[in-house]
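Q: Have a look at the structure that comes next, please.
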Amino acid sequence: MRAVPITVTALAAACLLTACGGGDDSSSGGEESKAVSGPACAAADLSMEVGPVNAAPAAGDTGNVSVTVTNNGAQCTLEGFPKVELEADGTTTAVPQDEAAEAQQLPLAEQATASFTITYVRAEEGGSQSLAVKTVKYGLPGGSADQSFPWSYGDVALKDEKTPDASVSAFQQAGD
């Protein structure tokens, strides 16, 4: 009697893994995966809320700022890393992707949430290796960084003249 539920569970798991595009079946062109998870999310259907997870209190400290995305439209899919840019003194600097993070396809049902995190190293205010960030712009993968919020977490350290000591994570499931 136990064999039937285990078999059904194993079969369901195998079907889910196959439908999620885990294989390398180039003949389907990825259409099967899109049918299961929905079309790419549109920025107009998403609302975003920003809040610090832990702000860096002093120069040299690492801080994290979390951005939560809520889908206000039909089911869609987020895939990859959000585009994030820091604005300071009229210049825009791209935040690199977290090298340790792996992008995934994330189905997002109506009213479901996902999040990403901006991790940064705080710099000494006005220092030669600091970026006096005033605004952060962000957007969906492959799109423009068209949403923004004021940055109130101090100057961001620079690795070199053009690269902030910061990174952005891939989208992750948020909430229950």
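Here's how to read the names in the structure tokens: chain A, B, ... by the order shown, residue numbers from 1 in each chain, ligand numbers from 1 in the order shown.
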Write out as a list in words the residues lying within 8 Å of A:Ala59, counting only C-alpha atoms and excluding same-chain residues fewer than 2 positions away.
A: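 So the residues in contact are Ala56, Pro57, Asp61, Val121, Arg122, Ala123, Glu124 and Glu125 of chain A.
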Q: Can I get the selection written as a compact mmCIF listing (two decimals), in the first residue's frame, with C-alpha atoms?
A:
```
# COMPACT_ATOMS: atom_id res chain seq x y z
CA ALA A 56 26.60 49.36 8.04
CA PRO A 57 27.15 51.63 11.09
CA ASP A 61 31.49 47.67 7.96
CA VAL A 121 30.86 48.20 2.35
CA ARG A 122 30.49 51.59 3.97
CA ALA A 123 33.22 54.12 3.25
CA GLU A 124 34.60 57.03 5.20
CA GLU A 125 32.47 60.05 4.32
```
Q: With only C-alpha atoms counted and 7 Å as the cut-off, give the residues of stretch 45-123 of chain A in contact with stretch 135-139 of chain A, each with its shortest interatomic distance in Å and the pair that gives it, as a tab-separated table.
A:
```
residue	atom	partner	partner_atom	distance
A:Pro82	CA	A:Gly139	CA	5.7
A:Lys83	CA	A:Gly139	CA	5.1
A:Val84	CA	A:Tyr138	CA	4.4
A:Glu85	CA	A:Lys137	CA	5.1
A:Leu86	CA	A:Val136	CA	4.8
A:Glu87	CA	A:Thr135	CA	5.2
```
Q: Quick one: distance from atom CA of A:Thr163 to atom CA of A:Gly126 in Å, one decimal?
A: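 Separation between atom CA of A:Thr163 and atom CA of A:Gly126: 16.5 Å.
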Q: Could you jot down the atom CA of A:Lys162 to atom CA of A:Pro96 separation for me, Å, one decimal place?
A: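 Atom CA of A:Pro96 lies at a distance of 11.0 Å from atom CA of A:Lys162.
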Q: Restricting the calculation to only C-alpha atoms: of A:Asp165, A:Gln97, A:Gln105, A:Ala55, which residue gets closest to A:Ser130?
A: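 Between A:Asp165, A:Gln97, A:Gln105, A:Ala55, the residue approaching A:Ser130 most closely is A:Asp165.
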Q: For the contact check between stretch 66-166 of chain A and stretch 36-54 of chain A, emit one row per residue of stretch 66-166 of chain A within 6 Å, containing the shortest atom pair and the distance in Å rounded to one decimal, counting only C-alpha atoms, chain then rising number order, as a Markdown table.
A:
```
| residue | atom | partner | partner_atom | distance |
| --- | --- | --- | --- | --- |
| A:Ser66 | CA | A:Gly51 | CA | 5.5 |
| A:Val67 | CA | A:Val50 | CA | 4.5 |
| A:Thr68 | CA | A:Glu49 | CA | 5.2 |
| A:Val69 | CA | A:Met48 | CA | 4.5 |
| A:Thr70 | CA | A:Ser47 | CA | 5.2 |
| A:Asn71 | CA | A:Leu46 | CA | 4.8 |
| A:Asn72 | CA | A:Asp45 | CA | 5.1 |
| A:Gly73 | CA | A:Asp45 | CA | 5.1 |
| A:Gln75 | CA | A:Gly38 | CA | 5.9 |
| A:Cys76 | CA | A:Gly38 | CA | 4.5 |
| A:Thr77 | CA | A:Ala40 | CA | 4.7 |
| A:Leu78 | CA | A:Cys41 | CA | 5.9 |
| A:Pro107 | CA | A:Ser37 | CA | 5.0 |
```
Q: In Å to one decimal, how far is atom CA of A:Gln129 from atom CA of A:Asp146?
A: 27.0 Å
Q: Set the distance at 10 Å and use only C-alpha atoms: which residues neighbour A:Ala88 once local chain neighbours fewer than 5 positions away are removed? I'd like the list as a list in words.
A: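 Final neighbour list, sorted by chain and number: Thr93, Leu131, Ala132, Val133, Lys134, Thr135, Val136, Trp151 and Asp155 of chain A.
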Q: Which residues in stretch 23-137 of chain A does DSSP call alpha helix (DSSP H)? List them as a VMD selection string.
A: chain A and resid 31 to 37
Q: Using C-alpha atoms, can you export the residues from the last selection as a PDB file, in the first residue's frame?
A:
```pdb
ATOM      1  CA  GLU A  31       8.724  26.929 -24.428  1.00  0.00           C
ATOM      2  CA  GLU A  32       7.786  24.124 -22.031  1.00  0.00           C
ATOM      3  CA  SER A  33       9.495  25.973 -19.180  1.00  0.00           C
ATOM      4  CA  LYS A  34       7.692  29.247 -19.951  1.00  0.00           C
ATOM      5  CA  ALA A  35       4.326  27.457 -20.061  1.00  0.00           C
ATOM      6  CA  VAL A  36       4.795  26.182 -16.504  1.00  0.00           C
ATOM      7  CA  SER A  37       6.141  29.372 -14.932  1.00  0.00           C
TER       8      SER A  37
END
```
Q: Hey, what does DSSP flag as strand (DSSP E or B) within stretch 85-167 of chain A? Can you give it to me as a PyMOL selection string?
A: chain A and resi 85-88+91-94+97+105-108+113-122+130-131+135-139+147-150+156-158+164+166-167
Q: Next, the residues of the selection above should be written as a compact mmCIF listing (two decimals), in the first residue's frame with N, CA and C atoms.
A:
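Result saved to result-v3.txt:
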```txt
# COMPACT_ATOMS: atom_id res chain seq x y z
N GLU A 85 21.93 50.32 -9.97
CA GLU A 85 22.90 51.39 -10.23
C GLU A 85 22.90 52.36 -9.05
N LEU A 86 24.10 52.82 -8.68
CA LEU A 86 24.25 53.83 -7.64
C LEU A 86 24.48 55.17 -8.31
N GLU A 87 23.77 56.21 -7.87
CA GLU A 87 23.94 57.56 -8.42
C GLU A 87 24.58 58.45 -7.37
N ALA A 88 25.65 59.13 -7.78
CA ALA A 88 26.36 60.06 -6.90
C ALA A 88 26.93 61.18 -7.73
N THR A 91 26.83 61.05 -11.56
CA THR A 91 27.35 59.88 -12.25
C THR A 91 26.61 58.63 -11.78
N THR A 92 26.52 57.65 -12.66
CA THR A 92 25.86 56.39 -12.34
C THR A 92 26.88 55.27 -12.41
N THR A 93 26.88 54.41 -11.39
CA THR A 93 27.81 53.30 -11.31
C THR A 93 27.03 52.01 -11.13
N ALA A 94 27.27 51.03 -12.00
CA ALA A 94 26.56 49.74 -11.92
C ALA A 94 27.08 48.93 -10.74
N GLN A 97 26.97 41.85 -10.01
CA GLN A 97 26.23 40.71 -9.46
C GLN A 97 27.09 40.00 -8.43
N GLN A 105 15.24 30.56 -12.24
CA GLN A 105 13.94 30.95 -12.75
C GLN A 105 12.98 30.89 -11.57
N LEU A 106 12.31 32.00 -11.26
CA LEU A 106 11.47 32.09 -10.08
C LEU A 106 10.03 32.44 -10.47
N PRO A 107 9.13 31.44 -10.50
CA PRO A 107 7.73 31.74 -10.79
C PRO A 107 7.15 32.60 -9.67
N LEU A 108 6.36 33.60 -10.04
CA LEU A 108 5.80 34.53 -9.06
C LEU A 108 4.30 34.62 -9.29
N THR A 113 5.59 37.34 -3.41
CA THR A 113 6.72 38.24 -3.27
C THR A 113 8.05 37.52 -3.52
N ALA A 114 9.01 38.30 -3.98
CA ALA A 114 10.39 37.85 -4.14
C ALA A 114 11.26 39.00 -3.62
N SER A 115 12.52 38.73 -3.40
CA SER A 115 13.40 39.80 -2.92
C SER A 115 14.79 39.66 -3.50
N PHE A 116 15.54 40.74 -3.41
CA PHE A 116 16.96 40.70 -3.71
C PHE A 116 17.65 41.60 -2.70
N THR A 117 18.95 41.41 -2.54
CA THR A 117 19.71 42.13 -1.52
C THR A 117 20.89 42.85 -2.15
N ILE A 118 21.05 44.10 -1.75
CA ILE A 118 22.23 44.88 -2.13
C ILE A 118 23.16 44.84 -0.91
N THR A 119 24.35 44.27 -1.08
CA THR A 119 25.34 44.22 -0.01
C THR A 119 26.42 45.25 -0.35
N TYR A 120 26.83 46.01 0.65
CA TYR A 120 27.79 47.09 0.39
C TYR A 120 28.74 47.24 1.57
N VAL A 121 29.90 47.84 1.31
CA VAL A 121 30.86 48.20 2.35
C VAL A 121 30.79 49.71 2.49
N ARG A 122 30.58 50.15 3.72
CA ARG A 122 30.49 51.59 3.97
C ARG A 122 31.89 52.21 3.94
N SER A 130 35.64 56.66 -1.73
CA SER A 130 34.23 56.56 -1.36
C SER A 130 33.34 57.15 -2.46
N LEU A 131 32.12 56.66 -2.50
CA LEU A 131 31.12 57.12 -3.44
C LEU A 131 29.96 57.67 -2.61
N THR A 135 21.15 58.22 -4.55
CA THR A 135 20.00 57.50 -5.07
C THR A 135 20.44 56.14 -5.59
N VAL A 136 19.56 55.14 -5.43
CA VAL A 136 19.77 53.83 -6.03
C VAL A 136 18.66 53.62 -7.04
N LYS A 137 19.05 53.21 -8.24
CA LYS A 137 18.08 52.88 -9.28
C LYS A 137 18.14 51.37 -9.48
N TYR A 138 16.97 50.77 -9.72
CA TYR A 138 16.94 49.33 -9.94
C TYR A 138 15.82 48.98 -10.91
N GLY A 139 15.97 47.82 -11.53
CA GLY A 139 14.98 47.36 -12.49
C GLY A 139 15.10 45.87 -12.71
N GLN A 147 13.22 52.20 -11.45
CA GLN A 147 12.68 52.46 -10.11
C GLN A 147 13.82 53.06 -9.29
N SER A 148 13.51 53.86 -8.29
CA SER A 148 14.59 54.42 -7.49
C SER A 148 14.15 54.66 -6.06
N PHE A 149 15.14 54.78 -5.19
CA PHE A 149 14.90 55.15 -3.80
C PHE A 149 16.10 55.93 -3.29
N PRO A 150 15.87 56.83 -2.33
CA PRO A 150 17.00 57.60 -1.78
C PRO A 150 17.88 56.69 -0.93
N VAL A 156 29.53 54.70 0.00
CA VAL A 156 29.87 53.32 -0.35
C VAL A 156 31.33 53.29 -0.77
N ALA A 157 32.07 52.31 -0.25
CA ALA A 157 33.48 52.16 -0.59
C ALA A 157 33.64 51.78 -2.06
N LEU A 158 34.76 52.17 -2.64
CA LEU A 158 35.10 51.83 -4.03
C LEU A 158 36.23 50.82 -4.04
N PRO A 164 32.01 49.95 -7.31
CA PRO A 164 31.69 50.04 -5.89
C PRO A 164 31.97 48.71 -5.19
N ALA A 166 30.35 46.64 -3.61
CA ALA A 166 28.95 46.28 -3.41
C ALA A 166 28.60 45.17 -4.38
N SER A 167 27.49 44.48 -4.12
CA SER A 167 27.01 43.45 -5.02
C SER A 167 25.50 43.33 -4.86
```
Q: Name the closest residue to A:Glu102 among the candidates A:Val168, A:Gly175, A:Glu161, A:Ser128; distances are taken between atoms, counting only C-alpha atoms.
A: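 Looking only at the distances to A:Glu102, the closest residue turns out to be A:Val168.
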